[in-house]
Amino acid sequence: MSRRVTITDVARAADVSVATVSKVINGRYGVAQATSARVQQVIDDLGFESSLVARSLRSHRTQVIGILVAEFEPFSTEILKGAAAAVADAGYELLAYTGAMSGPGWERRYLSRLSGTLIDGAVLVTPSVVEAEAQVPVVAVDPHTGPTGFPTVDSDNLTGGRLATEHLLALGHRRIAFLAGRPDLESSHLRESGYRQAMAAAGIDVDESLIRIGDYRSEPARGPMSELLALDERPTAVFAANDISAIAAMEVAQAAGLRVPEDLSVVGFDDVPEAAGATPPLTTVRQPIQRLGAEAVTMLLTLLRGDQPGAMHVRLDTTLVRRGSTAELAR
């Protein structure tokens, strides 16, 4: 392993003092333009980078934004893409961080580890708690309990739930199952409310035996989906609360000998990249996930400048994307 380049190495190669290199790195006065250019060239040639901790001790800023997630999965990955695009020309870097399924309150632990010395601010993706005592500015994306007064970005989950269900109703389906998300997430409750509102508007009583919890995950969704298919009068369509559980639902149905969409229509929610690549391609409700990340970073940058965002809560529209997993009810 090659040795890390130090500030002393830069000073020696540029034939200046360590103090001069420090001034150049931190943009301080007192260094001739030609000398500064020579030092910067050596820094580039040697690939020298000062550590985030050292940088924060000198300037009290790291120019790094943390994207804190409970785990890396398709939704949070798309959030990261949007965040990266938004920060590209802002003079900040991104640090994506997870403790891999740390349980409730994970954001408190992550913020405690990173705030002040590694990050200047944080975007929390689906946090269980928005930390009131955070040492740095914080913006939440789709928090568990919904908007709480803190800067928040989310999608219109209620309308999205209605759109998915109305699409299946328009195709003639009446026995429509709902494969719900995590019970502790407001987004899941809102998507279920949208489903129930659409059914009620169509004059159809919801059969509670058609409601199962898929937990927003592939494996936990498979058992409940098998239960739905084992009913004496199985559903003819399923609205799953996210794409990952919808894809699992299709796989369970296909393994049971059902054709999608000829025998069973399936709608998801999110429109992650995996949706278009599913077999068949998944009809879903698109929430602009990358834009969620971009809006959160834009809001955080405003806070880091010492300003207040124009709105403390930004809600983005959801739209139906029709693909190959839904069809008219066979007569």
# chains A, B, ... in the order shown; residues from 1 in each chain; ligands from 1
>>> select_by_dssp(residues="region 129-231 of chain A", states="alpha helix (DSSP H)", output="NGL selection string")
:A and (157-170 or 186-201 or 218-229)
>>> residues_around(residues="region 284-287 of chain A", least_positions_apart="2", cutoff="6 Å", atoms="only C-alpha atoms", output="ChimeraX atom specification")
/A:267-271,282,289,318-321
>>> select_by_dssp(residues="region 1-216 of chain A", states="strand (DSSP E)", output="PyMOL selection string")
chain A and resi 64-69+93-97+121-125+138-141+152-155+176-180+211-213
>>> residues_around(residues="Ala330 (chain A)", least_positions_apart="4", cutoff="12 Å", atoms="only C-alpha atoms", output="compact mmCIF listing (two decimals) with N, CA, C and O atoms, in the first residue's frame")
# COMPACT_ATOMS: atom_id res chain seq x y z
N LEU A 171 -60.21 -1.18 -14.92
CA LEU A 171 -60.00 -2.39 -15.71
C LEU A 171 -61.04 -3.47 -15.39
O LEU A 171 -60.98 -4.58 -15.93
N GLY A 172 -61.97 -3.15 -14.48
CA GLY A 172 -63.05 -4.08 -14.17
C GLY A 172 -62.83 -4.91 -12.92
O GLY A 172 -63.69 -5.72 -12.55
N HIS A 173 -61.70 -4.75 -12.24
CA HIS A 173 -61.42 -5.54 -11.04
C HIS A 173 -62.23 -5.03 -9.86
O HIS A 173 -62.41 -3.82 -9.68
N ARG A 174 -62.71 -5.96 -9.04
CA ARG A 174 -63.43 -5.61 -7.82
C ARG A 174 -62.81 -6.27 -6.59
O ARG A 174 -62.81 -5.68 -5.52
N THR A 236 -58.38 -10.81 -7.88
CA THR A 236 -58.03 -10.77 -9.31
C THR A 236 -56.97 -9.71 -9.59
O THR A 236 -56.42 -9.65 -10.69
N ALA A 237 -56.70 -8.88 -8.57
CA ALA A 237 -55.69 -7.83 -8.71
C ALA A 237 -55.08 -7.54 -7.35
O ALA A 237 -55.73 -7.73 -6.31
N ARG A 259 -50.83 -16.49 -14.53
CA ARG A 259 -50.21 -15.60 -15.50
C ARG A 259 -50.48 -14.15 -15.10
O ARG A 259 -51.60 -13.81 -14.73
N VAL A 260 -49.44 -13.33 -15.17
CA VAL A 260 -49.57 -11.89 -14.93
C VAL A 260 -49.37 -11.20 -16.27
O VAL A 260 -48.33 -11.38 -16.92
N PRO A 261 -50.37 -10.45 -16.77
CA PRO A 261 -51.58 -9.98 -16.08
C PRO A 261 -52.85 -10.76 -16.43
O PRO A 261 -53.93 -10.39 -15.97
N GLU A 262 -52.77 -11.82 -17.24
CA GLU A 262 -53.99 -12.49 -17.71
C GLU A 262 -54.85 -13.02 -16.56
O GLU A 262 -56.08 -12.91 -16.59
N ASP A 263 -54.20 -13.61 -15.53
CA ASP A 263 -54.93 -14.18 -14.40
C ASP A 263 -54.90 -13.28 -13.17
O ASP A 263 -55.77 -13.40 -12.29
N LEU A 264 -53.93 -12.41 -13.10
CA LEU A 264 -53.78 -11.53 -11.93
C LEU A 264 -53.08 -10.26 -12.35
O LEU A 264 -52.00 -10.31 -12.95
N SER A 265 -53.70 -9.13 -12.06
CA SER A 265 -53.06 -7.83 -12.32
C SER A 265 -52.35 -7.36 -11.06
O SER A 265 -52.83 -7.58 -9.94
N THR A 326 -50.74 -5.18 -15.73
CA THR A 326 -52.18 -5.03 -15.49
C THR A 326 -52.96 -5.20 -16.79
O THR A 326 -52.47 -4.84 -17.87
>>> closest_residue(among="A:Leu258, A:Ala198, A:Ala84, A:Met312", to="Leu168 (chain A)", atoms="only C-alpha atoms")
A:Ala198
>>> residues_around(residues="region 148-156 of chain A", least_positions_apart="2", cutoff="7 Å", atoms="only C-alpha atoms", output="ChimeraX atom specification")
/A:139-142,146,158-160,287,292,296,312-318
>>> atom_distance(atom1="CA of Glu251 (chain A)", atom2="CA of Ser218 (chain A)")
10.0 Å
>>> closest_residue(among="A:Ala249, A:Ala164, A:Leu80, A:Ala90", to="Val123 (chain A)", atoms="only C-alpha atoms")
A:Leu80
>>> atom_distance(atom1="CA of Thr279 (chain A)", atom2="CA of Phe239 (chain A)")
16.5 Å
>>> residues_around(residues="Gly181 (chain A)", least_positions_apart="3", cutoff="9 Å", atoms="only C-alpha atoms", output="ChimeraX atom specification")
/A:184-185,187-189,191-192,212-217,240-242,245
>>> write_last_selection(atoms="C-alpha atoms", output="PDB file, in the first residue's frame")
ATOM      1  CA  ASP A 184     -44.810   2.142  11.445  1.00  0.00           C
ATOM      2  CA  LEU A 185     -44.524   4.294   8.302  1.00  0.00           C
ATOM      3  CA  SER A 187     -46.331   6.526   3.780  1.00  0.00           C
ATOM      4  CA  SER A 188     -47.812   3.043   4.122  1.00  0.00           C
ATOM      5  CA  HIS A 189     -50.877   4.326   5.981  1.00  0.00           C
ATOM      6  CA  ARG A 191     -51.206   4.518   0.473  1.00  0.00           C
ATOM      7  CA  GLU A 192     -53.715   2.266   2.216  1.00  0.00           C
ATOM      8  CA  ARG A 212     -51.988  -8.186   4.145  1.00  0.00           C
ATOM      9  CA  ILE A 213     -48.702  -6.659   5.332  1.00  0.00           C
ATOM     10  CA  GLY A 214     -45.773  -7.010   2.923  1.00  0.00           C
ATOM     11  CA  ASP A 215     -43.417  -4.813   4.966  1.00  0.00           C
ATOM     12  CA  TYR A 216     -41.955  -3.090   1.853  1.00  0.00           C
ATOM     13  CA  ARG A 217     -39.581  -6.085   1.426  1.00  0.00           C
ATOM     14  CA  ALA A 240     -48.614  -3.600  -3.468  1.00  0.00           C
ATOM     15  CA  ALA A 241     -47.370  -0.640  -1.436  1.00  0.00           C
ATOM     16  CA  ASN A 242     -43.970  -0.617  -3.137  1.00  0.00           C
ATOM     17  CA  SER A 245     -43.125  -6.267  -2.744  1.00  0.00           C
TER      18      SER A 245
END
>>> residues_around(residues="Arg222 (chain A)", least_positions_apart="3", cutoff="7 Å", atoms="only C-alpha atoms", output="number ranges by chain")
A: 218-219, 225-226, 248-249, 252
